[in-house]
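Structure record follows, encoded as structure tokens.
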Amino acid sequence: MTHAEQHALIVELMEYARKMGRYDQEEFEMYVKRDKDDEDLDSMSQRRLVQLHGKYMPQRRGRA
């Protein structure tokens with residue numbers, strides 16, 4: 001996962017940070033700080049960020 005992809009996931013999740021549970025929100029805030037410092041996430045953090053994205057982002061339904 002590139003830094004740009006990580007940043008895009010973080011930006012999308014920022015709207016939903018208030019809806020997160022305490023543990024998830026603290027973890028997400030850590031990712032935001034690391035993103036501001038231009039740090040790349042390790043593989044475990046990347047997987048967790050993707051899990052948070054899947055958990056909190058609403059499913060987008062398109063027309064068939």
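Following the order of the structure tokens, chains are lettered A, B, ..., residues in each are numbered from 1, and ligands are numbered from 1.
Those residues that approach range 37-50 of chain A to within 8 Å, counting only C-alpha atoms, are A:Met1, A:His3, A:Gln6, A:Leu9, A:Ile10, A:Phe28, A:Tyr31; same-chain residues fewer than 5 positions away are not listed.
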Practice task
Determine the nearest neighbour of Tyr16 in chain A from the options A:Thr2, A:Glu29, A:Tyr56, A:Arg34, counting only C-alpha atoms.
Solution key: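 Ranking A:Thr2, A:Glu29, A:Tyr56, A:Arg34 by distance to Tyr16 in chain A, first place goes to A:Tyr56.
CA of Gln51 in chain A is positioned 11.9 Å from CA of Glu27 in chain A.
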Handout entry: Contacts of Lys19 in chain A at 12 Å (only C-alpha atoms; same-chain gap of 2+ positions) as a ChimeraX atom specification
Key = /A:13-17,21-25,28,52,55-58
